[in-house]
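Contents: one structure, followed by commentary.
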Amino acid sequence: MTQNHQSSSSPPSVALVQPPKRRARLLTLGPSATIGAIIVAVVVLIAIVSIWWTPYGPLAVNTGAEFLRPSLAHPLGTDEYGRDVLSRLMKGTQLTLLSSLGAVIIALVIGVPAGLIAAFKRGVAGEIIMRGADLLYSFPALLAAITLVAAFGASTLTATLAIGIASIPVFARVTRSTALSVLANDYVLAARAYGRSNFQIARRHVLPNIMGVLVAQIALLLSITILAVAALSYLGLGTPPPAPTWGGMLENAQNYLYQDPMLALWPGLAIAITVFGLNALGDGVRDLLDPTLKGRS
Amino acid sequence: MQVADLSTPSVVARRPSGQPHELRRFLLRRILTLLVTLWLASVLVFLVLNILPGKPAQVILGTQATPSSVAALTAKLGLNRPLVDQYLHWIHGLVTLNLGNSYISAQPIAPVIGAALEVTGPLVLAGLVVGLLIAIPLGIASALRHTRRSGIVLSGIAQIGIAIPNFVLGILLIIVFAVDLKVLPASGFTTWSTSVTGALQSLVLPAVALGLVEGAILARYIRASIIEVLRADYLRTARAKGLRPNQALIRHGLRNASIPVLTVFGLELSGLIIGAVVIEAVFTLPGLGSLLLSSVANRDLITVQDIVMLVATTVLVVNTIVDILYRVIDPRMGLRS
């Protein structure tokens, strides 16, 4: 609607004005989205640093140093085996992010092409793809994950695959609906008249135009997959111990609530802060792309 | 003038005959979709749990078992029959509520699931009540004040609520109310037959943990929905007519605002049912979720299969009902797509 209006009223000026305007808008990410972006950056940084360095070995048992309170030597204290909680939390950031990111990538790699095909081929093929997406979407993700774990055993791979597969419909639906609105534009018609194939149109016109929506969706889905990964490892259905995952640390800490309740606090905070950051960032990016959605969840 | 005269009667005339017919077709199609979805889901669940690496009989008997005893148990469990036979047998059992016997305990599964539902049912219901008690006031208050600082604070609270997963919240509640204040039990369940108050007490913290997060999510939708209604022309008309802001909102606004909220409410209800699986693990409640997880751990796959299908069916049926209500309440949505 708005696009039609713009192009009919003053096409040349729009073309000239738009690029700088967009750049200016990108810089004005709202305050909560900025906070979200900073949180996400810090979390990612911690995950990267933990590949090479943690204060102590995350699995290093230290007899005689059990349940230490936070101190300079152990900023977040130690657990029931004297393991350094900060080191475990850092390594856990890496494991949790890798698994959640893996799930999002699986969903992205299958969901986006499926959505594109459904948008281009609106006949039987598109219908089958979208009904499949609906079926997958209606089946609860956690239940799907539990079923897969029951069949194949608990592991990082099973959990990642299960959450990734369950998330495919998210991208398939978003891609299809945004691609359809792009395909309705006159420049797509022009490209077709010029003899461009569907693949070329998807690459040159559709993907660049839906990239922003996909980025927002990646951030929002990542917050969901982090929750799912943490829930699965909390239930003992994800990465098996002693590898430090946020969910696993939480489950473990629950056994010692009477001795040291702080142990449960750290992984809980890590999950909540990261999810908050990703939600704020995702909402902010989406509001930026489509101001009419502002305030909607 | 002429155009208006021509079009109005035709619309009026079409309505009485066309709408019920269209509604019936819509209901039929929606129920058909539900049945097909359920069938496909049951095939998927069955396939995943029956084409797995380890054979159930081998797992039950352990690695020391002789091949002949494994073969005998496989035959006894009916697992040597063709997959299609096994599938049909399972579905027939589900439909007639004869869920078969556990691979591990050899006891009938149905009564075990029934006992678990005595915990999970009230938990989900209580979680729903908690969620609504939070969502409705929080959503309305933060919408009415959305331009003021207090409204921003309220929606910030909802935003934080969404970021805290229910199992983390559950553990925080245990720390505060069971470990520190010692007013409520940290885990376990007093059965209804032992003590109703005891049973209710053991459900308080789980219900709050379950309902709070879902309530926060619902509150955001209510807020967005009401903000939209506040900007609507008909609300301005109602105000111009002389209604005070609250009167206008209650009489004209809330009904319209509730329409989009209804869909989310359906999703939240499914969220509560799935969330209960996790919350039961947090509070070691002997409900359906705990039964599912222990069956996964014991590789009692027939029980897993039954529970997964039961939960999936509940969620799918709830979603269908909400979808139908949504279309019926809001005719603008149309009954076609």
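Scheme for the structure tokens: letters A, B, ... for chains in order shown; per-chain residue numbers from 1; ligand numbers from 1 in order shown.
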(message) Set the distance at 8 Å and use only C-alpha atoms: which residues neighbour region 277-282 of chain A once local chain neighbours fewer than 5 positions away are removed? I'd like the list as a VMD selection string.
(response) (chain A and resid 32 to 40 215 to 220 222 to 223) or (chain B and resid 163)
Report as JSON lines the residues of region 110-195 of chain B within 8 Å of region 276-298 of chain B, each with its shortest atom pair and distance in Å (one decimal), using only C-alpha atoms, ordered by chain and increasing residue number.
```
{"residue": "B:Ile113", "atom": "CA", "partner": "B:Leu288", "partner_atom": "CA", "distance": 6.6}
{"residue": "B:Ala115", "atom": "CA", "partner": "B:Gly287", "partner_atom": "CA", "distance": 7.7}
{"residue": "B:Ala116", "atom": "CA", "partner": "B:Gly287", "partner_atom": "CA", "distance": 4.1}
{"residue": "B:Leu117", "atom": "CA", "partner": "B:Gly287", "partner_atom": "CA", "distance": 6.1}
{"residue": "B:Glu118", "atom": "CA", "partner": "B:Gly287", "partner_atom": "CA", "distance": 7.4}
{"residue": "B:Val119", "atom": "CA", "partner": "B:Gly287", "partner_atom": "CA", "distance": 5.1}
{"residue": "B:Thr120", "atom": "CA", "partner": "B:Gly287", "partner_atom": "CA", "distance": 5.1}
{"residue": "B:Leu123", "atom": "CA", "partner": "B:Ala276", "partner_atom": "CA", "distance": 7.3}
{"residue": "B:Val124", "atom": "CA", "partner": "B:Ala276", "partner_atom": "CA", "distance": 6.6}
{"residue": "B:Asn166", "atom": "CA", "partner": "B:Ile279", "partner_atom": "CA", "distance": 7.0}
{"residue": "B:Phe167", "atom": "CA", "partner": "B:Ile279", "partner_atom": "CA", "distance": 6.0}
{"residue": "B:Gly170", "atom": "CA", "partner": "B:Val282", "partner_atom": "CA", "distance": 6.7}
{"residue": "B:Ile171", "atom": "CA", "partner": "B:Val282", "partner_atom": "CA", "distance": 7.1}
{"residue": "B:Ala186", "atom": "CA", "partner": "B:Phe283", "partner_atom": "CA", "distance": 6.7}
{"residue": "B:Ser187", "atom": "CA", "partner": "B:Phe283", "partner_atom": "CA", "distance": 4.4}
{"residue": "B:Gly188", "atom": "CA", "partner": "B:Leu285", "partner_atom": "CA", "distance": 5.3}
{"residue": "B:Phe189", "atom": "CA", "partner": "B:Leu285", "partner_atom": "CA", "distance": 5.6}
```
Using C-alpha atoms, can you write the selected residues to a file as a compact mmCIF listing (two decimals), in the first residue's frame?
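So result_0.txt came out as:
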```txt
# COMPACT_ATOMS: atom_id res chain seq x y z
CA ILE B 113 -1.61 -42.18 33.20
CA ALA B 115 -3.18 -41.19 38.32
CA ALA B 116 -0.64 -38.82 36.75
CA LEU B 117 -3.47 -36.70 35.32
CA GLU B 118 -4.78 -36.12 38.85
CA VAL B 119 -1.62 -34.06 39.36
CA THR B 120 -1.09 -32.56 35.89
CA LEU B 123 -1.52 -28.02 37.85
CA VAL B 124 -2.32 -26.78 34.33
CA ASN B 166 9.63 -21.35 34.10
CA PHE B 167 12.15 -23.83 35.49
CA GLY B 170 10.54 -22.49 39.90
CA ILE B 171 13.96 -22.86 41.48
CA ALA B 186 10.10 -27.56 48.01
CA SER B 187 9.08 -30.69 46.15
CA GLY B 188 6.87 -33.78 46.16
CA PHE B 189 3.12 -34.15 46.19
```
(message) Could you work out which residues of chain A fall inside 7 Å of chain B? Count only C-alpha atoms, and format the result as a VMD selection string.
(response) chain A and resid 135 138 to 139 143 148 150 to 152 227 257 to 258 261 268 272 275 to 276 295 to 297
Could you write those residues out with N, CA and C atoms, as a PDB file, in the first residue's frame?
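Saved to out_38.pdb:
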```pdb
ATOM      1  N   LEU A 135       1.894 -28.641  10.072  1.00  0.00           N
ATOM      2  CA  LEU A 135       1.895 -29.854  10.893  1.00  0.00           C
ATOM      3  C   LEU A 135       3.022 -29.797  11.923  1.00  0.00           C
ATOM      4  N   SER A 138       2.379 -27.214  14.593  1.00  0.00           N
ATOM      5  CA  SER A 138       1.354 -27.509  15.581  1.00  0.00           C
ATOM      6  C   SER A 138       1.830 -28.544  16.598  1.00  0.00           C
ATOM      7  N   PHE A 139       2.913 -29.257  16.242  1.00  0.00           N
ATOM      8  CA  PHE A 139       3.425 -30.257  17.177  1.00  0.00           C
ATOM      9  C   PHE A 139       4.404 -29.568  18.125  1.00  0.00           C
ATOM     10  N   LEU A 143       8.031 -31.478  22.992  1.00  0.00           N
ATOM     11  CA  LEU A 143       7.529 -32.851  22.895  1.00  0.00           C
ATOM     12  C   LEU A 143       8.257 -33.597  21.770  1.00  0.00           C
ATOM     13  N   LEU A 148      12.411 -37.558  20.117  1.00  0.00           N
ATOM     14  CA  LEU A 148      13.663 -37.900  19.432  1.00  0.00           C
ATOM     15  C   LEU A 148      14.708 -38.408  20.415  1.00  0.00           C
ATOM     16  N   ALA A 150      14.091 -39.903  23.221  1.00  0.00           N
ATOM     17  CA  ALA A 150      13.685 -41.247  23.634  1.00  0.00           C
ATOM     18  C   ALA A 150      14.179 -42.285  22.632  1.00  0.00           C
ATOM     19  N   ALA A 151      14.161 -41.920  21.339  1.00  0.00           N
ATOM     20  CA  ALA A 151      14.566 -42.873  20.315  1.00  0.00           C
ATOM     21  C   ALA A 151      16.078 -42.950  20.162  1.00  0.00           C
ATOM     22  N   PHE A 152      16.749 -41.818  20.188  1.00  0.00           N
ATOM     23  CA  PHE A 152      18.174 -41.809  19.835  1.00  0.00           C
ATOM     24  C   PHE A 152      19.101 -41.538  21.004  1.00  0.00           C
ATOM     25  N   LEU A 227      16.315 -21.095  25.261  1.00  0.00           N
ATOM     26  CA  LEU A 227      15.423 -21.599  26.311  1.00  0.00           C
ATOM     27  C   LEU A 227      15.218 -23.103  26.160  1.00  0.00           C
ATOM     28  N   LEU A 257      20.420 -26.784  47.125  1.00  0.00           N
ATOM     29  CA  LEU A 257      19.775 -25.502  47.421  1.00  0.00           C
ATOM     30  C   LEU A 257      19.932 -25.116  48.889  1.00  0.00           C
ATOM     31  N   TYR A 258      19.953 -26.121  49.771  1.00  0.00           N
ATOM     32  CA  TYR A 258      20.040 -25.806  51.198  1.00  0.00           C
ATOM     33  C   TYR A 258      21.455 -25.421  51.599  1.00  0.00           C
ATOM     34  N   PRO A 261      22.436 -21.828  47.826  1.00  0.00           N
ATOM     35  CA  PRO A 261      21.440 -21.423  46.819  1.00  0.00           C
ATOM     36  C   PRO A 261      22.035 -20.576  45.691  1.00  0.00           C
ATOM     37  N   GLY A 268      20.847 -19.472  36.128  1.00  0.00           N
ATOM     38  CA  GLY A 268      19.522 -18.893  35.921  1.00  0.00           C
ATOM     39  C   GLY A 268      19.631 -17.476  35.373  1.00  0.00           C
ATOM     40  N   ALA A 272      18.430 -15.929  31.720  1.00  0.00           N
ATOM     41  CA  ALA A 272      17.462 -14.828  31.679  1.00  0.00           C
ATOM     42  C   ALA A 272      18.049 -13.601  30.987  1.00  0.00           C
ATOM     43  N   VAL A 275      18.440 -14.235  27.141  1.00  0.00           N
ATOM     44  CA  VAL A 275      17.146 -14.245  26.458  1.00  0.00           C
ATOM     45  C   VAL A 275      16.566 -12.834  26.393  1.00  0.00           C
ATOM     46  N   PHE A 276      16.693 -12.089  27.487  1.00  0.00           N
ATOM     47  CA  PHE A 276      16.222 -10.697  27.512  1.00  0.00           C
ATOM     48  C   PHE A 276      16.926  -9.884  26.422  1.00  0.00           C
ATOM     49  N   GLY A 295       5.352  -2.012  19.326  1.00  0.00           N
ATOM     50  CA  GLY A 295       4.496  -2.251  20.470  1.00  0.00           C
ATOM     51  C   GLY A 295       3.858  -3.624  20.451  1.00  0.00           C
ATOM     52  N   ARG A 296       3.747  -4.204  19.233  1.00  0.00           N
ATOM     53  CA  ARG A 296       3.224  -5.579  19.198  1.00  0.00           C
ATOM     54  C   ARG A 296       4.318  -6.506  19.664  1.00  0.00           C
ATOM     55  N   SER A 297       3.903  -7.700  20.112  1.00  0.00           N
ATOM     56  CA  SER A 297       4.935  -8.531  20.685  1.00  0.00           C
ATOM     57  C   SER A 297       5.954  -8.923  19.656  1.00  0.00           C
TER      58      SER A 297
END
```
(request) Apply DSSP to the structure's backbone, then extract all residues of region 27-258 of chain B labelled alpha helix (DSSP H) and return them as a PyMOL selection string. (result) chain B and resi 27-50+56-61+67-76+83-95+109-144+149-163+166-173+196-230+233-240+245-248+254-258
(message) Give me the residues near Pro67 (chain B) as an MDAnalysis selection string, where near means some atom within 9 Å (using only C-alpha atoms) and where sequence neighbours in that chain fewer than 4 positions away do not count.
(response) chainID B and resid 58 71:72
So that I can see what lies close to region 194-200 of chain A, please list as a PDB file with N, CA and C atoms, in the first residue's frame the residues with an atom at most 12 Å from it, counting only C-alpha atoms and leaving out residues fewer than 2 positions away in the same chain.
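Now in selection_27.pdb:
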```
ATOM      1  N   PRO A 113      14.714 -21.782   2.072  1.00  0.00           N
ATOM      2  CA  PRO A 113      14.429 -22.297   0.721  1.00  0.00           C
ATOM      3  C   PRO A 113      13.005 -22.859   0.601  1.00  0.00           C
ATOM      4  N   LEU A 116      10.722 -19.996   0.212  1.00  0.00           N
ATOM      5  CA  LEU A 116      10.873 -19.390  -1.124  1.00  0.00           C
ATOM      6  C   LEU A 116      10.158 -20.227  -2.180  1.00  0.00           C
ATOM      7  N   ILE A 117      10.362 -21.539  -2.112  1.00  0.00           N
ATOM      8  CA  ILE A 117       9.708 -22.422  -3.087  1.00  0.00           C
ATOM      9  C   ILE A 117       8.188 -22.269  -2.971  1.00  0.00           C
ATOM     10  N   ALA A 119       6.587 -19.731  -2.004  1.00  0.00           N
ATOM     11  CA  ALA A 119       6.157 -18.426  -2.518  1.00  0.00           C
ATOM     12  C   ALA A 119       6.144 -18.416  -4.044  1.00  0.00           C
ATOM     13  N   PHE A 120       7.140 -19.070  -4.667  1.00  0.00           N
ATOM     14  CA  PHE A 120       7.231 -19.068  -6.130  1.00  0.00           C
ATOM     15  C   PHE A 120       6.246 -20.042  -6.767  1.00  0.00           C
ATOM     16  N   LYS A 121       6.170 -21.248  -6.175  1.00  0.00           N
ATOM     17  CA  LYS A 121       5.288 -22.278  -6.736  1.00  0.00           C
ATOM     18  C   LYS A 121       4.036 -22.349  -5.884  1.00  0.00           C
ATOM     19  N   LEU A 183       7.285 -10.285  -4.228  1.00  0.00           N
ATOM     20  CA  LEU A 183       6.980 -10.755  -5.590  1.00  0.00           C
ATOM     21  C   LEU A 183       5.862  -9.950  -6.240  1.00  0.00           C
ATOM     22  N   TYR A 187       8.926  -4.298 -10.005  1.00  0.00           N
ATOM     23  CA  TYR A 187      10.283  -4.589 -10.486  1.00  0.00           C
ATOM     24  C   TYR A 187      10.508  -6.090 -10.657  1.00  0.00           C
ATOM     25  N   VAL A 188       9.723  -6.908  -9.935  1.00  0.00           N
ATOM     26  CA  VAL A 188       9.820  -8.355 -10.151  1.00  0.00           C
ATOM     27  C   VAL A 188       9.232  -8.708 -11.503  1.00  0.00           C
ATOM     28  N   LEU A 189       8.113  -8.030 -11.817  1.00  0.00           N
ATOM     29  CA  LEU A 189       7.482  -8.233 -13.123  1.00  0.00           C
ATOM     30  C   LEU A 189       8.474  -7.863 -14.224  1.00  0.00           C
ATOM     31  N   ALA A 190       9.167  -6.726 -13.998  1.00  0.00           N
ATOM     32  CA  ALA A 190      10.158  -6.274 -14.977  1.00  0.00           C
ATOM     33  C   ALA A 190      11.264  -7.315 -15.136  1.00  0.00           C
ATOM     34  N   ALA A 191      11.717  -7.851 -14.009  1.00  0.00           N
ATOM     35  CA  ALA A 191      12.786  -8.850 -14.057  1.00  0.00           C
ATOM     36  C   ALA A 191      12.332 -10.093 -14.817  1.00  0.00           C
ATOM     37  N   ARG A 192      11.063 -10.462 -14.591  1.00  0.00           N
ATOM     38  CA  ARG A 192      10.522 -11.624 -15.310  1.00  0.00           C
ATOM     39  C   ARG A 192      10.488 -11.349 -16.811  1.00  0.00           C
ATOM     40  N   ALA A 202      14.943 -14.748  -6.954  1.00  0.00           N
ATOM     41  CA  ALA A 202      15.041 -14.998  -5.512  1.00  0.00           C
ATOM     42  C   ALA A 202      16.335 -14.395  -4.966  1.00  0.00           C
ATOM     43  N   ARG A 203      17.418 -14.577  -5.704  1.00  0.00           N
ATOM     44  CA  ARG A 203      18.725 -14.142  -5.206  1.00  0.00           C
ATOM     45  C   ARG A 203      18.871 -12.623  -5.282  1.00  0.00           C
ATOM     46  N   ARG A 204      18.434 -12.029  -6.397  1.00  0.00           N
ATOM     47  CA  ARG A 204      18.709 -10.612  -6.605  1.00  0.00           C
ATOM     48  C   ARG A 204      17.635  -9.701  -6.029  1.00  0.00           C
ATOM     49  N   HIS A 205      16.406 -10.179  -5.941  1.00  0.00           N
ATOM     50  CA  HIS A 205      15.335  -9.276  -5.497  1.00  0.00           C
ATOM     51  C   HIS A 205      14.706  -9.695  -4.182  1.00  0.00           C
ATOM     52  N   VAL A 206      14.416 -10.976  -4.044  1.00  0.00           N
ATOM     53  CA  VAL A 206      13.669 -11.391  -2.851  1.00  0.00           C
ATOM     54  C   VAL A 206      14.572 -11.416  -1.617  1.00  0.00           C
ATOM     55  N   LEU A 207      15.654 -12.170  -1.686  1.00  0.00           N
ATOM     56  CA  LEU A 207      16.500 -12.326  -0.495  1.00  0.00           C
ATOM     57  C   LEU A 207      16.986 -10.994   0.073  1.00  0.00           C
ATOM     58  N   PRO A 208      17.544 -10.079  -0.760  1.00  0.00           N
ATOM     59  CA  PRO A 208      17.997  -8.810  -0.170  1.00  0.00           C
ATOM     60  C   PRO A 208      16.865  -8.070   0.529  1.00  0.00           C
TER      61      PRO A 208
END
```
(request) State, in Å with one decimal place, the distance from CA of His92 (chain B) to CA of Pro111 (chain B). (result) 17.6 Å
